[in-house]
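Q: I have a structure here, written as structure tokens, and I will follow up with some questions on it.
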Amino acid sequence: MTAPVPRLVRASDAAEDARLVAAAASGDRQAFADLYRRHLGAVYARLTRVVGPVAERDDLVQHIFLDVYRALPRFRGDAAFTTFLHRIVLNVACEHLERHRRGRSEPLDDRQLETLMTAGASPEQQARHRQDLRRLFDRLDGLSAKRRAAFVLVAVEGMSLDEAAALLGANVPAVKQRVLEARRELAKALDREPKEST
Amino acid sequence: MKAADRDRDDRIETHIAGPLRDAHVELDQLHRARLGSAIEAALDREDQARRTPAPGRSRRWLAGGSLALAAAAAVLVWRRAPPPPPPVAAAPLVARAPAPVAPPLLVPHGQAGEGGLPPTTSLVALAGEKARATIGARVRLTLVGPGRVSVLAAAQPGDLELLLEGGRLLADYDGRAGGTLRVRSPGAVTTVVGTLFAVEVTPFGSRVAVAHGRVRTQDASGRQWQVGAGTNWSSADERVSPLPRDLALALHEHEVSWTGNVPAPAPTETPRRPAHAPPAARASQPAEDLDALYARAESAMRGRDNGEARRLLDMIARRDPGGAAGEVALLDLARLALAQGDRATARQVLARLPAPLHDPALEETAAHLRCRAAGDADDGSCQGHAGPAQAR
């Protein structure tokens, strides 16, 4: 089993975030630029894990930071900025997933899947990896947005139920239930697949 | 945990959670730059929208006012102070000029005929292909494939921002109307105010080459470099070196393909010995003024208006004595004189160069021009001259 994903933002960065947030909230665009540059990578990574390498990913990132910019004057600092930011990330991600569950989403093409692959593999390995990734996201597409987000935070990123609940705006038992149901649904999906593919 | 649950969780870990955790979800530098540019453009639009009240809201407000028939209510409305501006409107950002809503479009030119291809935000050239396009009247570019160049939304009106993802981009930019052209490429951000230059994506980053004028380029760590005429800079070794012959010819071909009738660069134009690049120029005048002057001088040189070009270059040299812009202007003045066979004037101009040069990357070019001005160019001896120290 691979190690859980490390925490995306270190606690020691909180003070610098707080300084930038205060400056950005009073209209300092440079401070906001510094703020989003600090968190851009983490936002992109979490969004990718939750929604997959969809074509709209860049638009969603832009949308997230625009929402943050608009909401910043209302941010009172009760929680860490990262919590505030990643709540928005998860809201935007879940909205996107719900929208695509209602309509028919475009299947992921090879190029989108290749963005998740590291270089250096042989063409055969790459083809296999692409196939595995496509199956992986097909399975996740079967989950509701809330279950999928909870599953990614807890089972993939290794977050505690408390931390995940804070980001998802839900209580701990609800998040625990969502993760459990996600696991059950994914297990059923794996059972339905031909043996060689799992 | 039951054995069945453990087995289920293991399978989920193996087939879903583990691979998703191991997926490559990091942003590369280029993608980060592209996202940053898109976010900045969105924020500019947001600021602009905040500063401009929606017309519908005004109409509703007026309509509401017309319905306020009671005199007391009308007086109350009249006596109320106007609503305070939103916090952002009061911030210094108000002074910022509005950003363009959408990036300008590339207009492809080529085999399909002028105007035969629709304007686009992205131009692609396959391996072995060349794609040509203009952006407005200011940029003429040739993309040598395989590669792609896209137009990004620039933060400032009048500026142009391109993203080069592979290939070799040859471009000339007319900066007379103001504004800068910025080219983002792996490991480099190149800023141009008016020149003929190339940016090439290499396996190790980017190469920036200049035929006329100069550009500023910034590496991944934020360090700035000046790249002058006849030199090129590589992000791989962060050095300025003489312009390779193939790039000089490619730039010449680009120029000919757009304007025709341009004399080929003399083989001896290429300096021979690599030189370290200096940090950003320490211009004694505000950079914008000198850049704008230089853009006008470039334009005059392109238009063969040598008199105007000399006047502007001389003005730059006088306004920036000992600075990088002044040095480049003197070298261009010397080139113009040599192009007209006036070696005496070239020698006088070159004598005005400071010693040592502010920009060491120009030493080789200066030495070469001195050699030509001394009358040794025709026999080829300037190609192998002993270098700046001896030539001085």
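So you can find residues: chains in the structure tokens are A, B, ... in the order shown, residues in each start at 1, and ligands are numbered from 1 in order.
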For a quick test of understanding: name the residues of chain B lying within 12 Å of chain A when counting only C-alpha atoms, and present them as a PyMOL selection string.
A: chain B and resi 4-29+31-47+49-50+86-94+96
Q: Apply DSSP to the structure's backbone, then extract all residues of range 5-133 of chain A labelled helix (DSSP H, G or I) and return them as a VMD selection string.
A: chain A and resid 11 to 25 29 to 51 57 to 74 81 to 102 110 to 114 123 to 133
Q: Residues as selected, C-alpha atoms, written as a CSV table (one decimal), in the first residue's frame, can you do that?
A:
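Saved file again-v8.csv follows:
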chain,number,residue,atom,x,y,z
A,11,ALA,CA,0.7,24.6,9.4
A,12,SER,CA,3.7,26.9,9.5
A,13,ASP,CA,2.4,28.6,6.3
A,14,ALA,CA,-0.7,29.7,8.1
A,15,ALA,CA,0.8,33.0,9.4
A,16,GLU,CA,1.9,34.0,5.9
A,17,ASP,CA,-1.5,33.1,4.6
A,18,ALA,CA,-3.2,35.2,7.2
A,19,ARG,CA,-1.0,38.2,6.3
A,20,LEU,CA,-1.7,37.8,2.6
A,21,VAL,CA,-5.4,37.3,3.2
A,22,ALA,CA,-5.6,40.5,5.3
A,23,ALA,CA,-3.9,42.5,2.5
A,24,ALA,CA,-5.9,40.9,-0.3
A,25,ALA,CA,-9.2,41.5,1.6
A,29,ARG,CA,-4.3,42.5,-5.8
A,30,GLN,CA,-0.6,41.6,-5.5
A,31,ALA,CA,-1.2,39.9,-2.2
A,32,PHE,CA,-4.1,37.9,-3.7
A,33,ALA,CA,-1.7,36.9,-6.6
A,34,ASP,CA,0.8,35.7,-4.0
A,35,LEU,CA,-1.9,33.9,-2.2
A,36,TYR,CA,-3.2,32.0,-5.2
A,37,ARG,CA,0.3,31.2,-6.4
A,38,ARG,CA,1.0,29.6,-3.1
A,39,HIS,CA,-2.0,27.4,-3.3
A,40,LEU,CA,-2.5,26.8,-7.0
A,41,GLY,CA,-0.7,23.5,-7.1
A,42,ALA,CA,-2.6,22.1,-4.1
A,43,VAL,CA,-5.9,23.2,-5.5
A,44,TYR,CA,-5.1,21.7,-8.9
A,45,ALA,CA,-4.0,18.4,-7.3
A,46,ARG,CA,-7.1,18.0,-5.1
A,47,LEU,CA,-9.5,19.1,-7.9
A,48,THR,CA,-7.9,16.5,-10.2
A,49,ARG,CA,-8.2,13.7,-7.7
A,50,VAL,CA,-11.9,14.5,-7.1
A,51,VAL,CA,-13.1,15.2,-10.6
A,57,ARG,CA,-10.2,21.5,-15.1
A,58,ASP,CA,-8.5,24.8,-15.9
A,59,ASP,CA,-11.8,26.6,-16.0
A,60,LEU,CA,-12.7,25.1,-12.7
A,61,VAL,CA,-9.5,26.3,-11.1
A,62,GLN,CA,-10.1,29.8,-12.4
A,63,HIS,CA,-13.7,29.6,-11.1
A,64,ILE,CA,-12.4,28.5,-7.7
A,65,PHE,CA,-10.0,31.4,-7.3
A,66,LEU,CA,-12.6,33.9,-8.6
A,67,ASP,CA,-15.0,32.6,-5.9
A,68,VAL,CA,-12.2,33.0,-3.3
A,69,TYR,CA,-11.6,36.5,-4.5
A,70,ARG,CA,-15.3,37.4,-4.2
A,71,ALA,CA,-15.7,35.7,-0.8
A,72,LEU,CA,-12.5,37.0,0.8
A,73,PRO,CA,-14.0,40.1,2.3
A,74,ARG,CA,-16.4,37.8,4.2
A,81,PHE,CA,-7.4,30.0,5.0
A,82,THR,CA,-6.6,26.5,3.6
A,83,THR,CA,-9.9,25.2,5.1
A,84,PHE,CA,-11.8,28.1,3.6
A,85,LEU,CA,-10.1,27.6,0.2
A,86,HIS,CA,-10.5,23.8,0.0
A,87,ARG,CA,-14.2,24.1,1.0
A,88,ILE,CA,-14.6,26.1,-2.1
A,89,VAL,CA,-12.5,23.6,-4.1
A,90,LEU,CA,-14.8,20.8,-3.0
A,91,ASN,CA,-18.0,22.8,-3.6
A,92,VAL,CA,-16.9,23.6,-7.1
A,93,ALA,CA,-15.8,20.0,-7.7
A,94,CYS,CA,-19.1,18.6,-6.4
A,95,GLU,CA,-21.1,21.1,-8.4
A,96,HIS,CA,-19.2,20.0,-11.5
A,97,LEU,CA,-19.7,16.3,-10.7
A,98,GLU,CA,-23.5,16.8,-10.1
A,99,ARG,CA,-23.8,18.7,-13.3
A,100,HIS,CA,-22.2,15.9,-15.3
A,101,ARG,CA,-24.2,13.2,-13.5
A,102,ARG,CA,-27.4,14.9,-14.6
A,110,ASP,CA,-6.2,9.6,-24.1
A,111,ARG,CA,-4.6,13.0,-23.9
A,112,GLN,CA,-6.5,13.9,-20.7
A,113,LEU,CA,-5.5,10.6,-19.2
A,114,GLU,CA,-1.9,11.1,-20.2
A,123,PRO,CA,4.3,2.5,-25.2
A,124,GLU,CA,2.8,-0.8,-23.9
A,125,GLN,CA,3.0,0.3,-20.3
A,126,GLN,CA,1.5,3.6,-21.2
A,127,ALA,CA,-1.4,2.0,-23.0
A,128,ARG,CA,-2.0,-0.3,-20.0
A,129,HIS,CA,-1.8,2.7,-17.6
A,130,ARG,CA,-4.3,4.6,-19.7
A,131,GLN,CA,-6.7,1.7,-19.6
A,132,ASP,CA,-6.3,1.4,-15.8
A,133,LEU,CA,-6.9,5.1,-15.3
Q: Give me the residues near Leu331 in chain B as a list in words, where near means some atom within 9 Å (using only C-alpha atoms) and where sequence neighbours in that chain fewer than 5 positions away do not count.
A: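 In the requested format, the answer is Gly326, Leu336, Ala346, Val349, Leu350, Leu353, Leu362, Thr365, Ala366 and Leu369 of chain B.
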Q: Give me the residues near range 209-226 of chain B as a PyMOL selection string, where near means some atom within 8 Å (using only C-alpha atoms) and where sequence neighbours in that chain fewer than 2 positions away do not count.
A: chain B and resi 187-199+207+228-233+235+243+247-248+251+277-281+294+298+328
Q: Write out as a list of chain:residue names each polymer residue whose atoms come within 12 Å of Ala137 in chain B, counting only C-alpha atoms; drop sequence neighbours fewer than 6 positions from it.
A: B:Pro104, B:Leu105, B:Leu106, B:Val107, B:Asp172, B:Tyr173, B:Asp174, B:Gly175, B:Arg176, B:Ala177
Q: Take the residues from that selection and put them in a file with all heavy atoms, as a PDB file, in the first residue's frame.
A:
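Full text of again-v4.pdb as output:
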ATOM      1  N   PRO B 104      -6.581  38.676 -28.039  1.00  0.00           N
ATOM      2  CA  PRO B 104      -6.703  38.929 -29.474  1.00  0.00           C
ATOM      3  C   PRO B 104      -6.519  37.627 -30.247  1.00  0.00           C
ATOM      4  O   PRO B 104      -6.040  36.639 -29.705  1.00  0.00           O
ATOM      5  CB  PRO B 104      -5.557  39.902 -29.756  1.00  0.00           C
ATOM      6  CG  PRO B 104      -4.602  39.684 -28.645  1.00  0.00           C
ATOM      7  CD  PRO B 104      -5.380  39.245 -27.462  1.00  0.00           C
ATOM      8  N   LEU B 105      -6.903  37.648 -31.503  1.00  0.00           N
ATOM      9  CA  LEU B 105      -6.865  36.417 -32.287  1.00  0.00           C
ATOM     10  C   LEU B 105      -5.684  36.394 -33.243  1.00  0.00           C
ATOM     11  O   LEU B 105      -5.242  37.433 -33.729  1.00  0.00           O
ATOM     12  CB  LEU B 105      -8.163  36.274 -33.091  1.00  0.00           C
ATOM     13  CG  LEU B 105      -9.423  36.077 -32.253  1.00  0.00           C
ATOM     14  CD1 LEU B 105     -10.641  36.064 -33.140  1.00  0.00           C
ATOM     15  CD2 LEU B 105      -9.348  34.788 -31.440  1.00  0.00           C
ATOM     16  N   LEU B 106      -5.198  35.208 -33.460  1.00  0.00           N
ATOM     17  CA  LEU B 106      -4.183  34.975 -34.477  1.00  0.00           C
ATOM     18  C   LEU B 106      -4.898  34.829 -35.820  1.00  0.00           C
ATOM     19  O   LEU B 106      -5.906  34.131 -35.909  1.00  0.00           O
ATOM     20  CB  LEU B 106      -3.456  33.657 -34.196  1.00  0.00           C
ATOM     21  CG  LEU B 106      -2.462  33.634 -33.047  1.00  0.00           C
ATOM     22  CD1 LEU B 106      -2.403  32.225 -32.474  1.00  0.00           C
ATOM     23  CD2 LEU B 106      -1.098  34.029 -33.553  1.00  0.00           C
ATOM     24  N   VAL B 107      -4.395  35.496 -36.833  1.00  0.00           N
ATOM     25  CA  VAL B 107      -4.978  35.339 -38.166  1.00  0.00           C
ATOM     26  C   VAL B 107      -3.985  34.544 -39.010  1.00  0.00           C
ATOM     27  O   VAL B 107      -2.935  35.059 -39.390  1.00  0.00           O
ATOM     28  CB  VAL B 107      -5.260  36.709 -38.806  1.00  0.00           C
ATOM     29  CG1 VAL B 107      -5.866  36.519 -40.192  1.00  0.00           C
ATOM     30  CG2 VAL B 107      -6.184  37.512 -37.919  1.00  0.00           C
ATOM     31  N   ASP B 172       8.347  39.140 -35.431  1.00  0.00           N
ATOM     32  CA  ASP B 172       8.752  40.532 -35.303  1.00  0.00           C
ATOM     33  C   ASP B 172       7.579  41.313 -34.765  1.00  0.00           C
ATOM     34  O   ASP B 172       6.424  41.052 -35.101  1.00  0.00           O
ATOM     35  CB  ASP B 172       9.331  41.116 -36.589  1.00  0.00           C
ATOM     36  CG  ASP B 172       8.413  41.018 -37.759  1.00  0.00           C
ATOM     37  OD1 ASP B 172       8.085  39.862 -38.138  1.00  0.00           O
ATOM     38  OD2 ASP B 172       8.010  42.041 -38.289  1.00  0.00           O
ATOM     39  N   TYR B 173       7.895  42.226 -33.893  1.00  0.00           N
ATOM     40  CA  TYR B 173       6.873  42.937 -33.140  1.00  0.00           C
ATOM     41  C   TYR B 173       7.107  44.426 -33.279  1.00  0.00           C
ATOM     42  O   TYR B 173       8.208  44.926 -33.035  1.00  0.00           O
ATOM     43  CB  TYR B 173       6.960  42.522 -31.664  1.00  0.00           C
ATOM     44  CG  TYR B 173       6.012  43.274 -30.780  1.00  0.00           C
ATOM     45  CD1 TYR B 173       4.645  43.220 -31.000  1.00  0.00           C
ATOM     46  CD2 TYR B 173       6.472  44.046 -29.711  1.00  0.00           C
ATOM     47  CE1 TYR B 173       3.770  43.911 -30.195  1.00  0.00           C
ATOM     48  CE2 TYR B 173       5.601  44.732 -28.903  1.00  0.00           C
ATOM     49  CZ  TYR B 173       4.247  44.665 -29.149  1.00  0.00           C
ATOM     50  OH  TYR B 173       3.375  45.355 -28.353  1.00  0.00           O
ATOM     51  N   ASP B 174       6.063  45.122 -33.677  1.00  0.00           N
ATOM     52  CA  ASP B 174       6.134  46.571 -33.808  1.00  0.00           C
ATOM     53  C   ASP B 174       5.518  47.187 -32.552  1.00  0.00           C
ATOM     54  O   ASP B 174       4.308  47.141 -32.358  1.00  0.00           O
ATOM     55  CB  ASP B 174       5.346  46.984 -35.059  1.00  0.00           C
ATOM     56  CG  ASP B 174       5.414  48.478 -35.294  1.00  0.00           C
ATOM     57  OD1 ASP B 174       5.908  49.197 -34.403  1.00  0.00           O
ATOM     58  OD2 ASP B 174       4.975  48.924 -36.364  1.00  0.00           O
ATOM     59  N   GLY B 175       6.362  47.712 -31.701  1.00  0.00           N
ATOM     60  CA  GLY B 175       5.885  48.234 -30.416  1.00  0.00           C
ATOM     61  C   GLY B 175       5.643  49.729 -30.419  1.00  0.00           C
ATOM     62  O   GLY B 175       5.541  50.339 -29.371  1.00  0.00           O
ATOM     63  N   ARG B 176       5.526  50.341 -31.608  1.00  0.00           N
ATOM     64  CA  ARG B 176       5.384  51.804 -31.646  1.00  0.00           C
ATOM     65  C   ARG B 176       4.124  52.280 -30.938  1.00  0.00           C
ATOM     66  O   ARG B 176       4.097  53.343 -30.344  1.00  0.00           O
ATOM     67  CB  ARG B 176       5.332  52.283 -33.101  1.00  0.00           C
ATOM     68  CG  ARG B 176       6.692  52.520 -33.693  1.00  0.00           C
ATOM     69  CD  ARG B 176       6.564  52.939 -35.118  1.00  0.00           C
ATOM     70  NE  ARG B 176       5.873  51.929 -35.919  1.00  0.00           N
ATOM     71  CZ  ARG B 176       5.529  52.082 -37.184  1.00  0.00           C
ATOM     72  NH1 ARG B 176       5.784  53.217 -37.776  1.00  0.00           N
ATOM     73  NH2 ARG B 176       4.934  51.121 -37.854  1.00  0.00           N
ATOM     74  N   ALA B 177       3.071  51.482 -31.015  1.00  0.00           N
ATOM     75  CA  ALA B 177       1.805  51.918 -30.410  1.00  0.00           C
ATOM     76  C   ALA B 177       1.824  51.734 -28.896  1.00  0.00           C
ATOM     77  O   ALA B 177       0.836  52.025 -28.225  1.00  0.00           O
ATOM     78  CB  ALA B 177       0.647  51.135 -31.021  1.00  0.00           C
TER      79      ALA B 177
END
Q: To one decimal place, how far is CA of Glu200 in chain B from CA of Pro186 in chain B in Å?
A: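 A separation of 9.3 Å between them.
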Q: Can you check which residues of range 160-239 of chain B DSSP gives as strand (DSSP E or B) on the backbone and send them as a PyMOL selection string?
A: chain B and resi 160-164+168-173+181-185+188-192+195-202+205-212+214-219+224-228+231-234+239
Q: Given the selection you just returned, output its residues as a file containing N, CA and C atoms, formatted as a short mmCIF file (atom, residue, chain, number, x, y, z; two decimals), in the first residue's frame.
A:
data_model
loop_
_atom_site.label_atom_id
_atom_site.label_comp_id
_atom_site.auth_asym_id
_atom_site.auth_seq_id
_atom_site.Cartn_x
_atom_site.Cartn_y
_atom_site.Cartn_z
N LEU B 160 0.48 42.10 -25.32
CA LEU B 160 0.15 40.82 -25.93
C LEU B 160 0.90 39.74 -25.19
N GLU B 161 0.27 38.62 -25.02
CA GLU B 161 0.93 37.54 -24.29
C GLU B 161 0.75 36.24 -25.07
N LEU B 162 1.86 35.58 -25.35
CA LEU B 162 1.82 34.33 -26.09
C LEU B 162 2.37 33.20 -25.23
N LEU B 163 1.87 32.03 -25.48
CA LEU B 163 2.38 30.83 -24.81
C LEU B 163 2.93 29.90 -25.88
N LEU B 164 4.20 29.59 -25.80
CA LEU B 164 4.82 28.70 -26.78
C LEU B 164 5.00 27.32 -26.14
N ARG B 168 9.62 26.29 -32.76
CA ARG B 168 10.43 27.50 -32.83
C ARG B 168 9.53 28.64 -33.31
N LEU B 169 9.46 29.68 -32.53
CA LEU B 169 8.62 30.82 -32.89
C LEU B 169 9.52 31.96 -33.35
N LEU B 170 9.33 32.39 -34.59
CA LEU B 170 10.07 33.54 -35.12
C LEU B 170 9.07 34.67 -35.21
N ALA B 171 9.42 35.81 -34.69
CA ALA B 171 8.42 36.88 -34.65
C ALA B 171 9.06 38.22 -34.78
N ASP B 172 8.35 39.14 -35.43
CA ASP B 172 8.75 40.53 -35.30
C ASP B 172 7.58 41.31 -34.77
N TYR B 173 7.89 42.23 -33.89
CA TYR B 173 6.87 42.94 -33.14
C TYR B 173 7.11 44.43 -33.28
N LEU B 181 5.11 42.79 -25.88
CA LEU B 181 4.77 41.41 -26.25
C LEU B 181 5.54 40.51 -25.30
N ARG B 182 4.83 39.58 -24.67
CA ARG B 182 5.48 38.68 -23.73
C ARG B 182 5.29 37.26 -24.27
N VAL B 183 6.36 36.50 -24.30
CA VAL B 183 6.28 35.11 -24.76
C VAL B 183 6.65 34.21 -23.59
N ARG B 184 5.72 33.39 -23.17
CA ARG B 184 6.00 32.42 -22.12
C ARG B 184 6.39 31.10 -22.77
N SER B 185 7.47 30.54 -22.30
CA SER B 185 7.92 29.25 -22.82
C SER B 185 8.58 28.52 -21.66
N ALA B 188 11.25 30.22 -19.30
CA ALA B 188 11.56 31.60 -19.71
C ALA B 188 10.30 32.40 -19.97
N VAL B 189 10.36 33.66 -19.59
CA VAL B 189 9.33 34.62 -19.99
C VAL B 189 10.08 35.77 -20.67
N THR B 190 9.80 35.99 -21.93
CA THR B 190 10.55 36.95 -22.72
C THR B 190 9.68 38.16 -23.02
N THR B 191 10.21 39.34 -22.73
CA THR B 191 9.45 40.57 -22.93
C THR B 191 10.10 41.38 -24.04
N VAL B 192 9.27 41.84 -24.95
CA VAL B 192 9.76 42.49 -26.16
C VAL B 192 9.05 43.83 -26.32
N THR B 195 11.13 44.28 -31.93
CA THR B 195 12.35 43.68 -32.43
C THR B 195 12.03 42.48 -33.31
N LEU B 196 13.07 41.89 -33.88
CA LEU B 196 12.93 40.63 -34.61
C LEU B 196 13.64 39.57 -33.78
N PHE B 197 12.91 38.57 -33.37
CA PHE B 197 13.47 37.64 -32.40
C PHE B 197 12.85 36.25 -32.60
N ALA B 198 13.41 35.29 -31.88
CA ALA B 198 12.88 33.93 -31.92
C ALA B 198 12.89 33.35 -30.52
N VAL B 199 11.88 32.54 -30.23
CA VAL B 199 11.88 31.75 -29.00
C VAL B 199 11.69 30.31 -29.43
N GLU B 200 12.52 29.45 -28.90
CA GLU B 200 12.47 28.06 -29.32
C GLU B 200 12.38 27.17 -28.09
N VAL B 201 11.47 26.20 -28.13
CA VAL B 201 11.39 25.23 -27.04
C VAL B 201 12.37 24.12 -27.34
N THR B 202 13.28 23.87 -26.41
CA THR B 202 14.28 22.82 -26.59
C THR B 202 14.01 21.72 -25.56
N GLY B 205 14.49 23.27 -22.09
CA GLY B 205 13.87 24.54 -21.70
C GLY B 205 13.61 25.40 -22.92
N SER B 206 14.15 26.61 -22.89
CA SER B 206 13.88 27.54 -23.99
C SER B 206 15.16 28.21 -24.44
N ARG B 207 15.16 28.61 -25.71
CA ARG B 207 16.25 29.42 -26.26
C ARG B 207 15.61 30.69 -26.81
N VAL B 208 16.21 31.82 -26.50
CA VAL B 208 15.70 33.10 -26.99
C VAL B 208 16.79 33.71 -27.85
N ALA B 209 16.46 34.05 -29.07
CA ALA B 209 17.46 34.58 -30.00
C ALA B 209 16.97 35.91 -30.57
N VAL B 210 17.89 36.83 -30.79
CA VAL B 210 17.52 38.16 -31.26
C VAL B 210 18.32 38.52 -32.50
N ALA B 211 17.60 38.96 -33.54
CA ALA B 211 18.27 39.42 -34.75
C ALA B 211 18.47 40.93 -34.73
N HIS B 212 17.41 41.66 -34.40
CA HIS B 212 17.52 43.12 -34.28
C HIS B 212 16.98 43.52 -32.92
N ARG B 214 16.63 44.23 -28.93
CA ARG B 214 16.97 43.46 -27.74
C ARG B 214 15.68 43.04 -27.05
N VAL B 215 15.76 42.01 -26.23
CA VAL B 215 14.62 41.57 -25.44
C VAL B 215 15.10 41.33 -24.01
N ARG B 216 14.15 41.36 -23.11
CA ARG B 216 14.44 40.96 -21.73
C ARG B 216 13.82 39.61 -21.53
N THR B 217 14.53 38.74 -20.89
CA THR B 217 13.93 37.45 -20.60
C THR B 217 14.16 37.13 -19.13
N GLN B 218 13.18 36.44 -18.57
CA GLN B 218 13.23 36.11 -17.15
C GLN B 218 13.24 34.60 -17.01
N ASP B 219 14.16 34.09 -16.21
CA ASP B 219 14.22 32.64 -16.07
C ASP B 219 13.26 32.19 -14.97
N GLN B 224 16.53 38.23 -14.38
CA GLN B 224 16.31 38.81 -15.70
C GLN B 224 17.61 38.88 -16.48
N TRP B 225 17.48 38.73 -17.79
CA TRP B 225 18.63 38.75 -18.68
C TRP B 225 18.30 39.63 -19.87
N GLN B 226 19.31 40.29 -20.38
CA GLN B 226 19.17 41.06 -21.60
C GLN B 226 19.72 40.22 -22.75
N VAL B 227 18.98 40.11 -23.81
CA VAL B 227 19.50 39.41 -24.98
C VAL B 227 19.55 40.43 -26.11
N GLY B 228 20.74 40.74 -26.55
CA GLY B 228 20.92 41.76 -27.56
C GLY B 228 20.98 41.18 -28.96
N THR B 231 22.74 37.71 -30.59
CA THR B 231 23.05 36.74 -29.52
C THR B 231 21.82 35.89 -29.23
N ASN B 232 22.04 34.84 -28.49
CA ASN B 232 20.91 34.04 -28.01
C ASN B 232 21.19 33.57 -26.60
N TRP B 233 20.09 33.31 -25.87
CA TRP B 233 20.17 32.91 -24.46
C TRP B 233 19.44 31.59 -24.32
N SER B 234 19.99 30.72 -23.47
CA SER B 234 19.35 29.43 -23.25
C SER B 234 19.04 29.26 -21.77
N ARG B 239 23.14 31.23 -20.22
CA ARG B 239 24.24 32.01 -20.79
C ARG B 239 23.77 32.65 -22.09
#
